[in-house]
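Below: work33.cif (mmCIF, C-alpha atoms)
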data_run
#
loop_
_atom_site.label_atom_id
_atom_site.label_comp_id
_atom_site.auth_asym_id
_atom_site.auth_seq_id
_atom_site.Cartn_x
_atom_site.Cartn_y
_atom_site.Cartn_z
CA MET A 1 236.05 -31.22 156.24
CA LYS A 2 237.41 -33.57 158.87
CA THR A 3 237.43 -37.23 157.91
CA PRO A 4 234.98 -39.20 160.10
CA ILE A 5 236.61 -41.68 162.45
CA HIS A 6 235.15 -44.74 160.68
CA LEU A 7 237.16 -43.74 157.56
CA ARG A 8 240.22 -42.23 159.23
CA ALA A 9 243.56 -44.02 159.26
CA PRO A 10 245.41 -44.22 162.61
CA LEU A 11 248.21 -41.76 163.24
CA VAL A 12 251.75 -42.66 164.21
CA GLY A 13 252.27 -42.28 167.94
CA ALA A 14 249.09 -43.88 169.23
CA PRO A 15 247.94 -47.50 169.49
CA VAL A 16 245.70 -48.51 166.59
CA LEU A 17 243.15 -50.15 168.89
CA ASP A 18 242.72 -46.88 170.82
CA HIS A 19 242.22 -44.99 167.57
CA TRP A 20 239.07 -46.96 166.69
CA ARG A 21 237.84 -47.82 170.18
CA GLY A 22 234.05 -47.91 170.16
CA VAL A 23 233.94 -47.96 166.35
CA TYR A 24 235.71 -51.18 165.33
CA ASP A 25 236.29 -54.20 167.55
CA HIS A 26 239.13 -55.99 165.73
CA VAL A 27 242.21 -54.60 163.97
CA PHE A 28 244.72 -56.47 161.81
CA VAL A 29 247.81 -55.63 159.81
CA VAL A 30 247.41 -57.17 156.35
CA LEU A 31 250.82 -57.49 154.69
CA ASN A 32 251.09 -56.40 151.06
CA PRO A 33 252.40 -59.39 149.13
CA PRO A 34 255.77 -59.50 147.42
CA PHE A 35 255.33 -60.95 143.96
CA CYS A 36 256.99 -62.09 140.78
CA ILE A 37 255.93 -61.79 137.15
CA PRO A 38 256.93 -64.45 134.59
CA TRP A 39 258.01 -62.06 131.87
CA THR A 40 258.69 -64.57 129.10
CA GLY A 41 256.60 -63.63 126.09
CA GLY A 42 254.28 -61.44 128.10
CA LEU A 43 255.99 -58.08 128.59
CA PRO A 44 254.46 -55.23 126.55
CA GLU A 45 256.94 -53.42 124.33
CA ARG A 46 256.46 -50.18 126.24
CA PHE A 47 257.97 -51.70 129.36
CA ARG A 48 261.43 -52.93 130.03
CA ILE A 49 263.00 -54.06 133.26
CA ARG A 50 266.15 -52.62 134.74
CA SER A 51 267.95 -53.76 137.86
CA SER A 52 268.30 -51.17 140.58
CA ALA A 53 271.84 -49.91 140.92
CA GLN A 54 271.54 -47.05 143.43
CA ASP A 55 271.41 -47.61 147.16
CA TRP A 56 268.33 -45.43 147.52
CA VAL A 57 266.35 -47.64 145.18
CA SER A 58 264.89 -50.91 146.40
CA ALA A 59 266.95 -53.97 145.64
CA HIS A 60 264.52 -55.64 143.26
CA HIS A 61 263.53 -54.66 139.75
CA ASP A 62 261.87 -51.35 139.03
CA VAL A 63 259.58 -50.97 136.08
CA TRP A 64 260.89 -48.37 133.68
CA PHE A 65 258.20 -46.80 131.48
CA VAL A 66 259.12 -46.06 127.90
CA ASP A 67 256.31 -43.51 127.98
CA GLU A 68 254.67 -42.03 131.06
CA THR A 69 251.10 -42.24 129.82
CA ASP A 70 248.11 -43.35 131.86
CA ASP A 71 247.63 -46.25 129.44
CA CYS A 72 251.12 -47.48 130.20
CA HIS A 73 250.41 -47.60 133.93
CA THR A 74 247.02 -49.19 133.33
CA ASP A 75 248.62 -51.86 131.16
CA LEU A 76 251.10 -52.69 133.90
CA ASP A 77 248.31 -52.97 136.47
CA LYS A 78 246.51 -55.38 134.17
CA LEU A 79 249.70 -57.35 133.58
CA ILE A 80 250.24 -57.73 137.32
CA ARG A 81 246.67 -58.82 137.98
CA GLU A 82 246.70 -61.34 135.12
CA HIS A 83 250.16 -62.84 135.52
CA ALA A 84 251.79 -61.96 138.84
CA ILE A 85 252.40 -64.71 141.37
CA ALA A 86 251.95 -63.50 144.94
CA SER A 87 254.18 -64.67 147.76
CA THR A 88 254.21 -63.88 151.48
CA TRP A 89 256.65 -62.18 153.81
CA ALA A 90 257.11 -65.48 155.62
CA ALA A 91 257.93 -67.30 152.39
CA GLU A 92 260.40 -64.60 151.33
CA HIS A 93 262.03 -64.73 154.75
CA ALA A 94 262.48 -68.48 154.35
CA ARG A 95 263.71 -68.12 150.76
CA LEU A 96 266.09 -65.18 151.21
CA CYS A 97 267.56 -65.27 154.71
CA PRO A 98 266.01 -67.82 157.08
CA ASP A 99 268.83 -67.39 159.61
CA VAL A 100 267.90 -63.74 160.20
CA PRO A 101 265.47 -63.34 163.12
CA TRP A 102 261.92 -62.60 161.96
CA ALA A 103 261.80 -59.19 163.69
CA ASP A 104 265.03 -58.07 162.01
CA PHE A 105 263.80 -59.29 158.64
CA VAL A 106 260.44 -57.51 158.90
CA LEU A 107 261.98 -54.15 159.81
CA SER A 108 264.62 -54.42 157.08
CA TYR A 109 262.22 -55.70 154.41
CA TRP A 110 259.80 -52.84 155.09
CA LEU A 111 262.53 -50.17 155.04
CA ALA A 112 264.10 -51.57 151.86
CA ALA A 113 260.71 -51.38 150.14
CA VAL A 114 259.82 -47.82 151.14
CA ILE A 115 263.18 -46.06 151.53
CA GLY A 116 265.99 -48.25 150.24
CA TYR A 117 269.21 -49.31 151.90
CA VAL A 118 269.30 -47.06 154.93
CA GLU A 119 271.51 -47.85 157.92
CA GLU A 120 268.70 -49.63 159.76
CA VAL A 121 268.50 -52.32 157.08
CA ASP A 122 270.20 -55.43 158.42
CA PRO A 123 273.29 -56.10 156.23
CA ARG A 124 272.29 -59.77 155.99
CA VAL A 125 268.92 -58.82 154.51
CA ARG A 126 270.54 -56.30 152.19
CA SER A 127 273.01 -58.92 150.93
CA ALA A 128 270.20 -61.40 150.32
CA LEU A 129 268.16 -58.84 148.36
CA GLU A 130 271.17 -57.75 146.31
CA ALA A 131 271.94 -61.37 145.44
CA ASP A 132 268.30 -61.82 144.41
CA THR A 133 268.23 -58.83 142.04
CA PRO A 134 268.61 -60.87 138.80
CA THR A 135 265.29 -62.61 139.52
CA CYS A 136 261.87 -61.09 138.77
CA TRP A 137 260.72 -60.64 142.35
CA PHE A 138 259.20 -57.35 143.46
CA LEU A 139 259.14 -56.00 146.99
CA PRO A 140 255.69 -55.22 148.45
CA ASP A 141 253.83 -52.14 147.18
CA GLU A 142 253.41 -49.19 149.52
CA ASN A 143 250.57 -46.79 150.45
CA GLU A 144 247.97 -48.13 147.99
CA LEU A 145 245.87 -51.17 147.23
CA PRO A 146 248.30 -53.70 145.72
CA GLN A 147 247.21 -54.88 142.30
CA VAL A 148 248.50 -58.38 143.00
CA GLN A 149 246.29 -58.62 146.09
CA ALA A 150 243.10 -57.38 144.39
CA PRO A 151 241.59 -60.86 143.78
CA ALA A 152 242.05 -61.83 147.43
CA ILE A 153 240.52 -58.53 148.52
CA GLY A 154 237.50 -59.16 146.31
CA ALA A 155 237.10 -62.66 147.75
CA PHE A 156 237.32 -61.27 151.29
CA PHE A 157 234.57 -58.70 150.76
CA ALA A 158 232.44 -61.34 149.02
CA ALA A 159 232.86 -63.61 152.05
CA LEU A 160 231.67 -60.72 154.22
CA GLY A 161 228.47 -60.67 152.19
CA CYS A 162 229.15 -57.21 150.78
CA THR A 163 227.49 -56.33 147.49
CA GLU A 164 229.25 -52.96 147.25
CA VAL A 165 232.48 -51.46 148.60
CA SER A 166 233.31 -47.74 148.71
CA ALA A 167 236.82 -46.78 147.59
CA TRP A 168 238.70 -43.65 148.64
CA SER A 169 242.07 -42.03 148.06
CA GLU A 170 244.80 -42.22 150.68
CA PHE A 171 243.84 -38.81 152.09
CA ARG A 172 240.06 -39.34 151.69
CA ASP A 173 239.86 -36.27 149.47
CA SER A 174 238.64 -38.15 146.41
CA ILE A 175 235.11 -38.65 145.21
CA PRO A 176 234.16 -42.07 146.65
CA LYS A 177 233.72 -44.75 144.02
CA THR A 178 231.67 -47.90 144.40
CA PHE A 179 232.98 -51.31 143.37
CA LYS A 180 231.46 -54.77 143.56
CA PRO A 181 233.64 -57.52 145.08
CA ALA A 182 233.84 -59.20 141.67
CA ASP A 183 235.43 -56.05 140.21
CA PHE A 184 238.61 -56.70 142.17
CA GLN A 185 238.91 -60.11 140.53
CA ASN A 186 238.50 -58.74 137.01
CA PRO A 187 241.81 -57.55 135.43
CA GLU A 188 239.83 -55.26 133.11
CA THR A 189 238.53 -53.16 136.02
CA GLU A 190 240.54 -49.99 136.60
CA LEU A 191 241.01 -49.71 140.34
CA MET A 192 241.23 -45.93 140.65
CA VAL A 193 239.22 -43.12 142.24
CA GLU A 194 238.69 -39.55 141.01
CA SER A 195 239.57 -36.31 142.76
CA ASP A 196 239.02 -32.72 141.65
CA THR A 197 242.44 -32.69 140.00
CA ALA A 198 243.43 -36.18 138.87
CA PRO A 199 242.82 -39.93 139.27
CA TRP A 200 244.17 -41.46 142.48
CA ARG A 201 245.23 -44.90 143.50
CA ILE A 202 242.91 -46.54 146.02
CA GLY A 203 243.99 -45.82 149.59
CA ALA A 204 240.99 -47.18 151.49
CA LEU A 205 238.01 -49.51 151.12
CA HIS A 206 234.96 -49.23 153.34
CA ALA A 207 231.81 -51.30 153.77
CA ALA A 208 229.29 -49.82 156.21
CA ASP A 209 227.54 -53.18 156.45
CA PRO A 210 228.90 -55.18 158.24
CA GLY A 211 231.47 -52.53 159.25
CA VAL A 212 234.93 -52.84 157.66
CA LEU A 213 237.70 -50.40 156.79
CA MET A 214 240.82 -51.48 154.90
CA SER A 215 243.32 -48.62 154.77
CA TRP A 216 246.74 -48.14 153.15
CA ALA A 217 248.90 -45.24 154.35
CA PHE A 218 252.07 -43.43 153.33
CA ASP A 219 255.27 -45.45 153.76
CA GLU A 220 253.36 -48.57 154.78
CA THR A 221 253.68 -51.85 152.92
CA TRP A 222 250.55 -53.20 154.55
CA ALA A 223 246.89 -52.37 155.05
CA THR A 224 245.36 -51.70 158.43
CA LEU A 225 242.13 -53.67 158.54
CA ALA A 226 239.47 -52.68 161.09
CA MET A 227 236.35 -54.79 161.63
CA THR A 228 233.26 -54.81 163.81
CA ASP A 229 232.24 -57.95 165.68
CA ALA A 230 229.55 -58.51 163.05
CA ALA A 231 232.11 -58.44 160.24
CA TYR A 232 234.55 -60.70 162.08
CA ALA A 233 231.79 -63.25 162.60
CA ARG A 234 231.31 -63.47 158.82
CA ALA A 235 234.90 -63.71 157.57
CA ARG A 236 238.30 -64.18 159.19
CA PRO A 237 241.15 -62.16 157.65
CA ASP A 238 243.70 -64.95 158.01
CA ASP A 239 241.62 -67.09 155.65
CA HIS A 240 242.38 -64.56 152.89
CA PHE A 241 245.59 -62.70 153.77
CA GLU A 242 248.92 -62.90 155.51
CA CYS A 243 248.03 -60.83 158.55
CA ILE A 244 248.85 -60.01 162.16
CA ARG A 245 246.28 -59.20 164.83
CA ALA A 246 246.89 -55.84 166.50
CA THR A 247 247.90 -55.95 170.15
CA PRO A 248 246.91 -53.23 172.66
CA ALA A 249 250.35 -51.64 172.32
CA MET A 250 250.68 -51.87 168.51
CA HIS A 251 251.32 -48.57 166.72
CA PRO A 252 251.03 -47.91 162.95
CA ASP A 253 254.83 -48.25 162.62
CA TRP A 254 254.70 -51.64 164.31
CA PRO A 255 257.86 -53.15 162.70
CA ARG A 256 259.89 -50.88 165.01
CA GLN A 257 258.18 -52.48 168.01
CA LEU A 258 258.99 -56.13 167.28
#
Show me, as structure tokens, the structure contained in the file I just sent.
Amino acid sequence: MKTPIHLRAPLVGAPVLDHWRGVYDHVFVVLNPPFCIPWTGGLPERFRIRSSAQDWVSAHHDVWFVDETDDCHTDLDKLIREHAIASTWAAEHARLCPDVPWADFVLSYWLAAVIGYVEEVDPRVRSALEADTPTCWFLPDENELPQVQAPAIGAFFAALGCTEVSAWSEFRDSIPKTFKPADFQNPETELMVESDTAPWRIGALHAADPGVLMSWAFDETWATLAMTDAAYARARPDDHFECIRATPAMHPDWPRQL
């Protein structure tokens, strides 16, 4: 069954505002936060941290699972939500390579997070990330609700006056699951949805009243946030997130347009 437009993510090749014209009135890119975890005394025995050595792996630490059980992943999610310290792209730009133009940094930071050190990654950004590898900073998550951002997401939907939020998988083929805004601020809540075959990470959040869709897509280290006028009147995204308002020409792969 075709996904209805109010739940459908925009496709590469068309402006995001055109995609939702007549459905949503405002569209924003909400950047997934980079983050660090203070590991001292708090790392479960089943995890250990290794520094990335291969070019195709992102420059920062990867989590290596001693066992690939669901509990292990759930424990890491909880660890992130309890202890991680979120940053912003702007702060990481200033910390890592302030002399690199913002547009070059954004493109390179995104590509490093989703693909690794491809040719398009600015060598200055690559050098800064490689030098930063011994620290405990993580690049932004891709194509799913970031655990570190969950409390801010809960606060945003609470500010909208929502009592319930529907969660979906990335491809909208899951069974929708209902969460309360407070659930996103509770580290004990498992932020997953069910499909016919297996649990899925959350790829979209929707509130029919007042009209909001927050969607994460493949190879994107951000959410696309669409809002009606009624929703925008209740809560402004930039009070809760690091975000960019969509322009008429903005496409889903907007870092290539800067």
**OP:** Kindly indicate which residue among A:Thr3, A:Ala113, A:Asp219, A:Trp89 lies nearest to Ser174 (chain A), using all atoms listed in the file for the distances.
**Re:**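 Of the candidates, the smallest distance to Ser174 (chain A) is held by A:Thr3.
Residues selected in this file by the PyMOL selection byres ((chain A and resi 190) around 10) comprise Thr74, Asp75, Asp77, Lys78, Asp183, Phe184, Asn186, Pro187, Glu188, Thr189, Leu191, Met192, Val193 and Arg201 of chain A.
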Once the PyMOL selection byres ((chain A and resi 14) around 10) has been applied to the shown file, what residues remain in the selection, as a PDB file with C-alpha atoms, in the frame of the given file?
ATOM      1  CA  PRO A  10     245.410 -44.220 162.610  1.00  0.00           C
ATOM      2  CA  LEU A  11     248.210 -41.760 163.240  1.00  0.00           C
ATOM      3  CA  VAL A  12     251.750 -42.660 164.210  1.00  0.00           C
ATOM      4  CA  GLY A  13     252.270 -42.280 167.940  1.00  0.00           C
ATOM      5  CA  PRO A  15     247.940 -47.500 169.490  1.00  0.00           C
ATOM      6  CA  VAL A  16     245.700 -48.510 166.590  1.00  0.00           C
ATOM      7  CA  LEU A  17     243.150 -50.150 168.890  1.00  0.00           C
ATOM      8  CA  ASP A  18     242.720 -46.880 170.820  1.00  0.00           C
ATOM      9  CA  HIS A  19     242.220 -44.990 167.570  1.00  0.00           C
ATOM     10  CA  ALA A 249     250.350 -51.640 172.320  1.00  0.00           C
ATOM     11  CA  MET A 250     250.680 -51.870 168.510  1.00  0.00           C
ATOM     12  CA  HIS A 251     251.320 -48.570 166.720  1.00  0.00           C
ATOM     13  CA  PRO A 252     251.030 -47.910 162.950  1.00  0.00           C
ATOM     14  CA  ASP A 253     254.830 -48.250 162.620  1.00  0.00           C
TER      15      ASP A 253
END
Subject >> Exercise: Thr178 (chain A) partners within 10 Å, only C-alpha atoms, chain neighbours under 3 positions left out, as a ChimeraX atom specification >> reply: /A:163-168,175,181,183,193,205-207
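Closest approach to Cys97 (chain A) from the set A:Met227, A:Val125, A:Ala208, A:Ala217 is made by A:Val125, with distances taken over all atoms listed in the file.
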**OP:** Write out as a list in words which residues come within 10 Å of Tyr232 (chain A) when counting all atoms listed in the file, dropping same-chain ones fewer than 2 positions away.
**Re:**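 Neighbouring residues, sequence-local ones excluded: Asp25, His26, Val27, Leu160, Pro210, Gly211, Val212, Ala226, Met227, Thr228, Asp229, Ala230, Arg234, Ala235, Arg236 and Pro237 of chain A.
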**OP:** Kindly give the distance, in Å, that separates CA of Ser195 (chain A) and CA of Leu31 (chain A), rounded to a single decimal.
**Re:** 26.8 Å
Original post:
So which one's closest to Glu144 (chain A), A:Pro34, A:Pro98, A:Pro123, A:Gly203? Using only C-alpha atoms, please.
Top reply: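 Distance minimum relative to Glu144 (chain A) lands on A:Gly203.
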The centre and edge lengths of an axis-aligned box containing all atoms of region 79-95 of chain A present in the file, extended by 8 Å on each side, are to be given in Å to one decimal, as AutoDock Vina command-line options.
--center_x 255.2 --center_y -62.9 --center_z 144.6 --size_x 33.0 --size_y 27.1 --size_z 38.0
Selected by the PyMOL selection byres ((chain A and resi 8) around 10) in the shown coordinates: which residues, as a short mmCIF file (atom, residue, chain, number, x, y, z; two decimals) with C-alpha atoms, keeping the file's coordinate frame?
data_model
loop_
_atom_site.label_atom_id
_atom_site.label_comp_id
_atom_site.auth_asym_id
_atom_site.auth_seq_id
_atom_site.Cartn_x
_atom_site.Cartn_y
_atom_site.Cartn_z
CA LYS A 2 237.41 -33.57 158.87
CA THR A 3 237.43 -37.23 157.91
CA PRO A 4 234.98 -39.20 160.10
CA ILE A 5 236.61 -41.68 162.45
CA HIS A 6 235.15 -44.74 160.68
CA LEU A 7 237.16 -43.74 157.56
CA ALA A 9 243.56 -44.02 159.26
CA PRO A 10 245.41 -44.22 162.61
CA LEU A 11 248.21 -41.76 163.24
CA HIS A 19 242.22 -44.99 167.57
CA TRP A 20 239.07 -46.96 166.69
CA GLU A 170 244.80 -42.22 150.68
CA PHE A 171 243.84 -38.81 152.09
CA ARG A 172 240.06 -39.34 151.69
CA ALA A 204 240.99 -47.18 151.49
CA LEU A 213 237.70 -50.40 156.79
CA SER A 215 243.32 -48.62 154.77
#
Original post:
Rounded to one decimal in Å, what is the spacing between CA of Arg256 (chain A) and CA of Ala86 (chain A)?
Top reply: 25.0 Å
**OP:** Using all atoms listed in the file, pick whichever of A:Glu120, A:Asp239, A:Asp173, A:Glu92 has the shortest atom-to-atom distance to Trp200 (chain A).
**Re:** A:Asp173
Original post:
To one decimal place, how far is CA of Ile37 (chain A) from CA of Ala91 (chain A) in Å?
Top reply: 16.3 Å
Original post:
So, counting only C-alpha atoms, which residue among A:Ile80, A:Ala112, A:Ala246, A:Ile153 is closest to Leu129 (chain A)?
Top reply: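 Closest to Leu129 (chain A) of all the choices is A:Ala112.
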